[in-house]
>>> print(open('upload_15.csv').read())   # CSV, C-alpha atoms and all ligand atoms
chain,number,residue,atom,x,y,z
A,30,MET,CA,10.7,2.0,-22.4
A,31,THR,CA,8.5,-0.5,-20.6
A,32,THR,CA,5.6,0.4,-18.5
A,33,VAL,CA,4.7,-1.8,-15.7
A,34,ALA,CA,1.0,-1.6,-14.7
A,35,THR,CA,0.5,-1.5,-11.0
A,36,ARG,CA,-2.6,-2.6,-9.0
A,37,THR,CA,-5.2,0.1,-8.5
A,38,VAL,CA,-7.0,0.2,-5.2
A,39,ARG,CA,-9.8,2.5,-3.8
A,40,VAL,CA,-8.7,3.9,-0.5
A,41,VAL,CA,-11.1,5.7,1.8
A,42,ALA,CA,-9.8,8.1,4.4
A,43,ALA,CA,-11.5,10.1,7.2
A,44,LEU,CA,-11.2,13.7,8.3
A,45,ILE,CA,-12.1,13.3,12.0
A,46,PRO,CA,-12.2,16.5,14.2
A,47,GLY,CA,-11.2,16.3,17.9
A,48,ARG,CA,-14.1,16.2,20.3
A,49,LEU,CA,-12.8,19.2,22.2
A,50,ASP,CA,-10.9,21.0,19.5
A,51,ALA,CA,-12.6,20.9,16.1
A,52,GLN,CA,-9.7,22.8,14.5
A,53,ARG,CA,-7.5,19.7,14.8
A,54,PHE,CA,-8.0,16.4,13.0
A,55,LEU,CA,-6.8,12.9,13.6
A,56,VAL,CA,-3.8,11.8,11.6
A,57,GLN,CA,-1.7,8.6,12.0
A,58,GLN,CA,1.9,7.6,11.3
A,59,ARG,CA,2.3,4.4,9.3
A,60,LEU,CA,4.2,1.5,10.8
A,61,PRO,CA,7.9,1.0,10.2
A,62,GLY,CA,9.0,-1.6,7.6
A,63,GLY,CA,6.1,-1.6,5.2
A,64,SER,CA,5.1,0.6,2.2
A,65,ARG,CA,5.3,4.3,3.0
A,66,ALA,CA,6.9,3.5,6.3
A,67,LEU,CA,6.6,6.2,9.0
A,68,LEU,CA,4.8,8.6,6.6
A,69,TRP,CA,1.6,10.2,7.9
A,70,GLU,CA,-1.9,9.7,6.5
A,71,PHE,CA,-5.6,10.0,7.4
A,72,PRO,CA,-7.2,7.0,9.1
A,73,GLY,CA,-8.9,4.6,6.7
A,74,GLY,CA,-7.8,1.9,4.2
A,75,LYS,CA,-8.8,-0.2,1.2
A,76,VAL,CA,-12.4,-0.7,0.1
A,77,GLU,CA,-13.1,-4.4,-0.2
A,78,ALA,CA,-15.2,-5.9,-3.0
A,79,GLY,CA,-18.9,-5.3,-2.6
A,80,GLU,CA,-18.4,-2.8,0.2
A,81,THR,CA,-19.6,0.9,0.1
A,82,ASP,CA,-17.1,3.6,0.9
A,83,GLU,CA,-18.9,4.4,4.1
A,84,ALA,CA,-19.0,0.8,5.3
A,85,ALA,CA,-15.3,0.4,4.5
A,86,LEU,CA,-14.3,3.5,6.4
A,87,ALA,CA,-16.4,2.5,9.5
A,88,ARG,CA,-14.8,-1.0,9.4
A,89,GLU,CA,-11.3,0.3,9.0
A,90,CYS,CA,-11.7,2.8,11.9
A,91,ARG,CA,-13.3,0.1,14.1
A,92,GLU,CA,-10.4,-2.3,13.4
A,93,GLU,CA,-7.5,0.3,13.4
A,94,LEU,CA,-8.6,2.9,16.0
A,95,ASP,CA,-11.3,1.1,18.0
A,96,VAL,CA,-13.8,3.9,17.4
A,97,GLU,CA,-17.3,3.9,15.9
A,98,LEU,CA,-17.7,6.6,13.2
A,99,SER,CA,-20.5,8.4,11.6
A,100,VAL,CA,-19.4,9.1,8.0
A,101,GLY,CA,-20.5,12.4,6.4
A,102,ARG,CA,-20.0,14.0,3.0
A,103,ARG,CA,-17.2,13.3,0.5
A,104,LEU,CA,-14.7,16.1,0.6
A,105,TRP,CA,-12.1,15.3,-2.0
A,106,GLU,CA,-11.0,12.6,-4.4
A,107,GLY,CA,-7.7,12.1,-6.2
A,108,ARG,CA,-5.5,9.5,-7.9
A,109,HIS,CA,-1.8,8.9,-7.3
A,110,GLU,CA,0.6,6.3,-8.8
A,111,TYR,CA,3.1,4.9,-6.4
A,112,PRO,CA,5.8,2.6,-7.7
A,113,ASP,CA,4.0,-0.4,-6.1
A,114,LEU,CA,0.4,0.7,-6.2
A,115,THR,CA,-2.0,3.2,-7.8
A,116,VAL,CA,-4.3,4.7,-5.2
A,117,GLU,CA,-7.7,6.3,-5.7
A,118,LEU,CA,-8.0,8.2,-2.5
A,119,VAL,CA,-11.3,9.5,-1.3
A,120,LEU,CA,-11.6,11.7,1.8
A,121,TYR,CA,-14.8,11.9,3.9
A,122,VAL,CA,-15.7,14.0,6.8
A,123,ALA,CA,-16.5,11.8,9.8
A,124,ARG,CA,-17.3,12.0,13.5
A,125,MET,CA,-16.4,9.7,16.4
A,126,LEU,CA,-19.6,8.4,17.9
A,127,SER,CA,-17.9,6.4,20.7
A,128,GLY,CA,-14.5,5.2,21.8
A,129,GLU,CA,-11.2,6.9,22.3
A,130,PRO,CA,-8.8,6.4,19.3
A,131,LYS,CA,-6.0,3.9,19.9
A,132,PRO,CA,-3.0,3.3,17.6
A,133,LEU,CA,-3.9,-0.3,17.0
A,134,GLY,CA,-2.5,-0.3,13.4
A,135,ALA,CA,-0.3,2.8,13.5
A,136,ASN,CA,3.0,3.9,14.9
A,137,ALA,CA,1.4,7.1,16.4
A,138,LEU,CA,-1.8,9.1,16.4
A,139,GLU,CA,-2.0,12.9,16.7
A,140,PHE,CA,-4.6,15.7,16.3
A,141,ARG,CA,-3.2,18.3,14.0
A,142,THR,CA,-4.4,21.5,12.2
A,143,PRO,CA,-4.2,21.4,8.4
A,144,GLY,CA,-1.3,23.8,8.6
A,145,GLU,CA,0.6,21.5,11.0
A,146,MET,CA,-0.1,18.6,8.8
A,147,GLN,CA,1.9,20.3,6.0
A,148,SER,CA,5.0,20.1,8.2
A,149,LEU,CA,4.6,16.4,8.6
A,150,PRO,CA,6.1,13.9,6.1
A,151,PHE,CA,2.7,12.8,4.6
A,152,CYS,CA,1.9,10.2,1.9
A,153,GLU,CA,2.4,11.7,-1.5
A,154,ALA,CA,-1.2,11.1,-2.6
A,155,ASP,CA,-2.3,13.4,0.2
A,156,ILE,CA,-0.2,16.5,-0.8
A,157,PRO,CA,-2.8,18.0,-3.2
A,158,LEU,CA,-5.5,17.3,-0.7
A,159,LEU,CA,-3.6,19.1,2.1
A,160,GLU,CA,-3.2,22.1,-0.2
A,161,GLU,CA,-7.0,22.3,-0.7
A,162,LEU,CA,-7.7,21.8,3.0
A,163,VAL,CA,-5.3,24.5,4.1
A,164,ALA,CA,-6.7,26.9,1.5
A,165,GLY,CA,-10.2,26.3,2.8
A,166,ARG,CA,-11.4,25.0,-0.5
A,167,LEU,CA,-13.1,21.8,0.8
A,168,GLY,CA,-16.1,23.7,2.2
A,169,ALA,CA,-17.7,23.0,5.5
A,170,LEU,CA,-15.9,20.3,7.5
A,171,ASP,CA,-18.9,19.2,9.5
B,201,LIG,N1,-5.5,5.2,5.1
B,201,LIG,C1,-4.9,5.9,4.2
B,201,LIG,N2,-4.1,5.4,3.2
B,201,LIG,C2,-3.5,6.2,2.4
B,201,LIG,C3,-3.5,7.6,2.5
B,201,LIG,N3,-2.8,8.2,1.6
B,201,LIG,C4,-2.2,7.1,0.9
B,201,LIG,O1,-1.4,7.3,-0.1
B,201,LIG,N4,-2.6,5.9,1.4
B,201,LIG,C5,-2.2,4.6,0.9
B,201,LIG,O2,-3.3,3.8,0.6
B,201,LIG,C6,-3.0,2.5,1.0
B,201,LIG,C7,-4.0,2.1,2.1
B,201,LIG,O3,-4.0,0.8,2.3
B,201,LIG,P1,-4.2,0.1,3.7
B,201,LIG,O4,-4.0,1.1,4.8
B,201,LIG,O5,-5.5,-0.6,3.7
B,201,LIG,O6,-3.1,-0.9,3.7
B,201,LIG,P2,-1.6,-1.0,4.2
B,201,LIG,O7,-0.7,-0.8,3.1
B,201,LIG,O8,-1.4,-0.1,5.4
B,201,LIG,O9,-1.6,-2.5,4.7
B,201,LIG,P3,-2.1,-3.8,4.1
B,201,LIG,O10,-2.0,-3.7,2.6
B,201,LIG,O11,-1.2,-4.8,4.6
B,201,LIG,O12,-3.5,-3.9,4.5
B,201,LIG,C8,-1.6,2.4,1.5
B,201,LIG,O13,-0.8,2.1,0.4
B,201,LIG,C9,-1.3,3.9,1.9
B,201,LIG,O14,0.0,4.2,1.8
B,201,LIG,C10,-4.3,8.2,3.6
B,201,LIG,O15,-4.5,9.4,3.8
B,201,LIG,N5,-5.0,7.3,4.4
>>> encode(input="upload_15.csv", output="structure tokens", more="lines below")
Ligand SMILES: Nc1nc2c([nH]c(=O)n2[C@@H]2O[C@H](COP(=O)(O)OP(=O)(O)OP(=O)(O)O)[C@@H](O)[C@H]2O)c(=O)[nH]1
Amino acid sequence: MTTVATRTVRVVAALIPGRLDAQRFLVQQRLPGGSRALLWEFPGGKVEAGETDEAALARECREELDVELSVGRRLWEGRHEYPDLTVELVLYVARMLSGEPKPLGANALEFRTPGEMQSLPFCEADIPLLEELVAGRLGALD
């Protein structure tokens, strides 16, 4: 059997509560055509060389959602091997400081409860994270 090593990337993601409904959090549907097409995920993206997690998350959300974020504590971290990529996924709680989220780099944006998220086709790396979130095992979300 041959094993093909895939690239490993650190991916930061944000759990962002709605301004008026803090029980629901922002999730986005990936664009058609690319990797994990049309699956759902938390806003965020890859950390670039020399960048902190917090700076990467603020940059990604500025570029992809047109919002300014305040990034809080780290909630969860996990690793998942996709056929094309190994992802080290880190979830942070974050708040929107300004702007209304726009789907600049996504097919759709929705505010969903953790339970509702489990009914969406989510990226595989997020499945254990959603289980922890639904079970209330990630602690305070603010
Ligand atoms: N933002 C985000 N990415 C996630 C999550 N879960 C997960 O598996 N990923 C994966 O982590 C990678 C994030 O990379 P990215 O968003 O910067 O890049 P991309 O593949 O959309 O596009 P790009 O490589 O052309 O920049 C993707 O492979 C994505 O499928 C998640 O909850 N949020």
>>> residues_near_ligand(input="upload_15.csv", ligand="ligand LIG 201 (chain B)", cutoff="8 Å", atoms="only C-alpha atoms and all ligand atoms", output="PyMOL selection string")
chain A and resi 38-43+59-60+63-65+69-76+89+109+114+116+118+120+151-155
>>> write_last_selection(input="upload_15.csv", atoms="C-alpha atoms", output="short mmCIF file (atom, residue, chain, number, x, y, z; two decimals), in the coordinates of the input")
data_model
loop_
_atom_site.label_atom_id
_atom_site.label_comp_id
_atom_site.auth_asym_id
_atom_site.auth_seq_id
_atom_site.Cartn_x
_atom_site.Cartn_y
_atom_site.Cartn_z
CA VAL A 38 -7.00 0.20 -5.20
CA ARG A 39 -9.80 2.50 -3.80
CA VAL A 40 -8.70 3.90 -0.50
CA VAL A 41 -11.10 5.70 1.80
CA ALA A 42 -9.80 8.10 4.40
CA ALA A 43 -11.50 10.10 7.20
CA ARG A 59 2.30 4.40 9.30
CA LEU A 60 4.20 1.50 10.80
CA GLY A 63 6.10 -1.60 5.20
CA SER A 64 5.10 0.60 2.20
CA ARG A 65 5.30 4.30 3.00
CA TRP A 69 1.60 10.20 7.90
CA GLU A 70 -1.90 9.70 6.50
CA PHE A 71 -5.60 10.00 7.40
CA PRO A 72 -7.20 7.00 9.10
CA GLY A 73 -8.90 4.60 6.70
CA GLY A 74 -7.80 1.90 4.20
CA LYS A 75 -8.80 -0.20 1.20
CA VAL A 76 -12.40 -0.70 0.10
CA GLU A 89 -11.30 0.30 9.00
CA HIS A 109 -1.80 8.90 -7.30
CA LEU A 114 0.40 0.70 -6.20
CA VAL A 116 -4.30 4.70 -5.20
CA LEU A 118 -8.00 8.20 -2.50
CA LEU A 120 -11.60 11.70 1.80
CA PHE A 151 2.70 12.80 4.60
CA CYS A 152 1.90 10.20 1.90
CA GLU A 153 2.40 11.70 -1.50
CA ALA A 154 -1.20 11.10 -2.60
CA ASP A 155 -2.30 13.40 0.20
#
>>> closest_residue(input="upload_15.csv", among="A:Leu159, A:Ala84, A:Leu98, A:Leu44", to="A:Met125", atoms="all atoms listed in the file")
A:Leu98
>>> axis_aligned_box(input="upload_15.csv", around="stretch 106-120 of chain A", padding_each_side="3 Å", output="lines of an AutoDock Vina configuration file")
center_x = -2.9
center_y = 6.1
center_z = -3.5
size_x = 23.4
size_y = 19.0
size_z = 16.6
>>> closest_atom_pairs(input="upload_15.csv", of="stretch 45-72 of chain A", to="stretch 127-132 of chain A", cutoff="10 Å", atoms="all atoms listed in the file", output="CSV")
residue,atom,partner,partner_atom,distance
A:Arg48,CA,A:Glu129,CA,9.9
A:Leu55,CA,A:Pro130,CA,8.9
A:Gln57,CA,A:Pro132,CA,7.8
A:Gln58,CA,A:Pro132,CA,9.1
A:Arg59,CA,A:Pro132,CA,9.9
>>> residues_around(input="upload_15.csv", residues="A:Glu145", least_positions_apart="2", cutoff="12 Å", atoms="all atoms listed in the file", output="JSON, numbers by chain")
{"A": [52, 53, 54, 55, 56, 69, 139, 140, 141, 142, 143, 147, 148, 149, 150, 151, 159, 160, 162, 163]}
>>> closest_residue(input="upload_15.csv", among="A:Ala123, A:Leu104, A:Ala137, A:Val96", to="A:Leu158", atoms="all atoms listed in the file")
A:Leu104
>>> build_atoms(input="upload_15.csv", residues="stretch 56-90 of chain A", atoms="N, CA and C atoms", output="PDB file, in the coordinates of the input")
ATOM      1  N   VAL A  56      -4.667  12.337  12.615  1.00  0.00           N
ATOM      2  CA  VAL A  56      -3.800  11.800  11.600  1.00  0.00           C
ATOM      3  C   VAL A  56      -2.929  10.688  12.240  1.00  0.00           C
ATOM      4  N   GLN A  57      -2.475   9.774  11.419  1.00  0.00           N
ATOM      5  CA  GLN A  57      -1.700   8.600  12.000  1.00  0.00           C
ATOM      6  C   GLN A  57      -0.424   8.435  11.177  1.00  0.00           C
ATOM      7  N   GLN A  58       0.572   7.951  11.917  1.00  0.00           N
ATOM      8  CA  GLN A  58       1.900   7.600  11.300  1.00  0.00           C
ATOM      9  C   GLN A  58       1.899   6.155  10.962  1.00  0.00           C
ATOM     10  N   ARG A  59       2.265   5.837   9.722  1.00  0.00           N
ATOM     11  CA  ARG A  59       2.300   4.400   9.300  1.00  0.00           C
ATOM     12  C   ARG A  59       3.412   3.679  10.058  1.00  0.00           C
ATOM     13  N   LEU A  60       3.204   2.382  10.144  1.00  0.00           N
ATOM     14  CA  LEU A  60       4.200   1.500  10.800  1.00  0.00           C
ATOM     15  C   LEU A  60       5.503   1.489  10.116  1.00  0.00           C
ATOM     16  N   PRO A  61       6.591   1.212  10.846  1.00  0.00           N
ATOM     17  CA  PRO A  61       7.900   1.000  10.200  1.00  0.00           C
ATOM     18  C   PRO A  61       7.891  -0.259   9.355  1.00  0.00           C
ATOM     19  N   GLY A  62       8.713  -0.291   8.335  1.00  0.00           N
ATOM     20  CA  GLY A  62       9.000  -1.600   7.600  1.00  0.00           C
ATOM     21  C   GLY A  62       8.146  -1.776   6.378  1.00  0.00           C
ATOM     22  N   GLY A  63       6.886  -1.369   6.337  1.00  0.00           N
ATOM     23  CA  GLY A  63       6.100  -1.600   5.200  1.00  0.00           C
ATOM     24  C   GLY A  63       6.137  -0.527   4.130  1.00  0.00           C
ATOM     25  N   SER A  64       5.145  -0.490   3.244  1.00  0.00           N
ATOM     26  CA  SER A  64       5.100   0.600   2.200  1.00  0.00           C
ATOM     27  C   SER A  64       4.842   1.911   2.923  1.00  0.00           C
ATOM     28  N   ARG A  65       5.490   2.949   2.402  1.00  0.00           N
ATOM     29  CA  ARG A  65       5.300   4.300   3.000  1.00  0.00           C
ATOM     30  C   ARG A  65       5.545   4.353   4.468  1.00  0.00           C
ATOM     31  N   ALA A  66       6.549   3.592   4.880  1.00  0.00           N
ATOM     32  CA  ALA A  66       6.900   3.500   6.300  1.00  0.00           C
ATOM     33  C   ALA A  66       7.065   4.808   6.964  1.00  0.00           C
ATOM     34  N   LEU A  67       6.426   4.990   8.099  1.00  0.00           N
ATOM     35  CA  LEU A  67       6.600   6.200   9.000  1.00  0.00           C
ATOM     36  C   LEU A  67       6.036   7.469   8.366  1.00  0.00           C
ATOM     37  N   LEU A  68       5.439   7.393   7.178  1.00  0.00           N
ATOM     38  CA  LEU A  68       4.800   8.600   6.600  1.00  0.00           C
ATOM     39  C   LEU A  68       3.418   8.745   7.335  1.00  0.00           C
ATOM     40  N   TRP A  69       2.880   9.948   7.269  1.00  0.00           N
ATOM     41  CA  TRP A  69       1.600  10.200   7.900  1.00  0.00           C
ATOM     42  C   TRP A  69       0.465  10.146   6.904  1.00  0.00           C
ATOM     43  N   GLU A  70      -0.731   9.853   7.408  1.00  0.00           N
ATOM     44  CA  GLU A  70      -1.900   9.700   6.500  1.00  0.00           C
ATOM     45  C   GLU A  70      -3.158   9.906   7.394  1.00  0.00           C
ATOM     46  N   PHE A  71      -4.313   9.948   6.731  1.00  0.00           N
ATOM     47  CA  PHE A  71      -5.600  10.000   7.400  1.00  0.00           C
ATOM     48  C   PHE A  71      -6.029   8.550   7.714  1.00  0.00           C
ATOM     49  N   PRO A  72      -6.714   8.318   8.834  1.00  0.00           N
ATOM     50  CA  PRO A  72      -7.200   7.000   9.100  1.00  0.00           C
ATOM     51  C   PRO A  72      -8.091   6.454   7.996  1.00  0.00           C
ATOM     52  N   GLY A  73      -8.034   5.164   7.745  1.00  0.00           N
ATOM     53  CA  GLY A  73      -8.900   4.600   6.700  1.00  0.00           C
ATOM     54  C   GLY A  73      -8.161   3.363   6.112  1.00  0.00           C
ATOM     55  N   GLY A  74      -8.481   3.033   4.867  1.00  0.00           N
ATOM     56  CA  GLY A  74      -7.800   1.900   4.200  1.00  0.00           C
ATOM     57  C   GLY A  74      -8.582   1.492   2.963  1.00  0.00           C
ATOM     58  N   LYS A  75      -8.262   0.300   2.478  1.00  0.00           N
ATOM     59  CA  LYS A  75      -8.800  -0.200   1.200  1.00  0.00           C
ATOM     60  C   LYS A  75     -10.249  -0.575   1.282  1.00  0.00           C
ATOM     61  N   VAL A  76     -10.995  -0.254   0.232  1.00  0.00           N
ATOM     62  CA  VAL A  76     -12.400  -0.700   0.100  1.00  0.00           C
ATOM     63  C   VAL A  76     -12.376  -2.120  -0.415  1.00  0.00           C
ATOM     64  N   GLU A  77     -13.087  -3.023   0.270  1.00  0.00           N
ATOM     65  CA  GLU A  77     -13.100  -4.400  -0.200  1.00  0.00           C
ATOM     66  C   GLU A  77     -14.257  -4.593  -1.207  1.00  0.00           C
ATOM     67  N   ALA A  78     -14.178  -5.679  -1.975  1.00  0.00           N
ATOM     68  CA  ALA A  78     -15.200  -5.900  -3.000  1.00  0.00           C
ATOM     69  C   ALA A  78     -16.576  -5.987  -2.401  1.00  0.00           C
ATOM     70  N   GLY A  79     -17.519  -5.293  -3.018  1.00  0.00           N
ATOM     71  CA  GLY A  79     -18.900  -5.300  -2.600  1.00  0.00           C
ATOM     72  C   GLY A  79     -19.211  -4.379  -1.413  1.00  0.00           C
ATOM     73  N   GLU A  80     -18.207  -3.646  -0.962  1.00  0.00           N
ATOM     74  CA  GLU A  80     -18.400  -2.800   0.200  1.00  0.00           C
ATOM     75  C   GLU A  80     -18.608  -1.317  -0.270  1.00  0.00           C
ATOM     76  N   THR A  81     -19.456  -0.574   0.440  1.00  0.00           N
ATOM     77  CA  THR A  81     -19.600   0.900   0.100  1.00  0.00           C
ATOM     78  C   THR A  81     -18.378   1.573   0.786  1.00  0.00           C
ATOM     79  N   ASP A  82     -18.120   2.796   0.308  1.00  0.00           N
ATOM     80  CA  ASP A  82     -17.100   3.600   0.900  1.00  0.00           C
ATOM     81  C   ASP A  82     -17.317   3.786   2.405  1.00  0.00           C
ATOM     82  N   GLU A  83     -18.566   4.101   2.721  1.00  0.00           N
ATOM     83  CA  GLU A  83     -18.900   4.400   4.100  1.00  0.00           C
ATOM     84  C   GLU A  83     -18.698   3.194   5.020  1.00  0.00           C
ATOM     85  N   ALA A  84     -19.110   2.024   4.523  1.00  0.00           N
ATOM     86  CA  ALA A  84     -19.000   0.800   5.300  1.00  0.00           C
ATOM     87  C   ALA A  84     -17.466   0.475   5.492  1.00  0.00           C
ATOM     88  N   ALA A  85     -16.698   0.687   4.430  1.00  0.00           N
ATOM     89  CA  ALA A  85     -15.300   0.400   4.500  1.00  0.00           C
ATOM     90  C   ALA A  85     -14.581   1.325   5.531  1.00  0.00           C
ATOM     91  N   LEU A  86     -14.967   2.582   5.514  1.00  0.00           N
ATOM     92  CA  LEU A  86     -14.300   3.500   6.400  1.00  0.00           C
ATOM     93  C   LEU A  86     -14.714   3.224   7.889  1.00  0.00           C
ATOM     94  N   ALA A  87     -15.977   2.888   8.107  1.00  0.00           N
ATOM     95  CA  ALA A  87     -16.400   2.500   9.500  1.00  0.00           C
ATOM     96  C   ALA A  87     -15.658   1.260   9.921  1.00  0.00           C
ATOM     97  N   ARG A  88     -15.523   0.274   9.040  1.00  0.00           N
ATOM     98  CA  ARG A  88     -14.800  -1.000   9.400  1.00  0.00           C
ATOM     99  C   ARG A  88     -13.353  -0.712   9.709  1.00  0.00           C
ATOM    100  N   GLU A  89     -12.680   0.031   8.819  1.00  0.00           N
ATOM    101  CA  GLU A  89     -11.300   0.300   9.000  1.00  0.00           C
ATOM    102  C   GLU A  89     -11.020   1.023  10.357  1.00  0.00           C
ATOM    103  N   CYS A  90     -11.878   1.996  10.666  1.00  0.00           N
ATOM    104  CA  CYS A  90     -11.700   2.800  11.900  1.00  0.00           C
ATOM    105  C   CYS A  90     -12.019   1.991  13.135  1.00  0.00           C
TER     106      CYS A  90
END
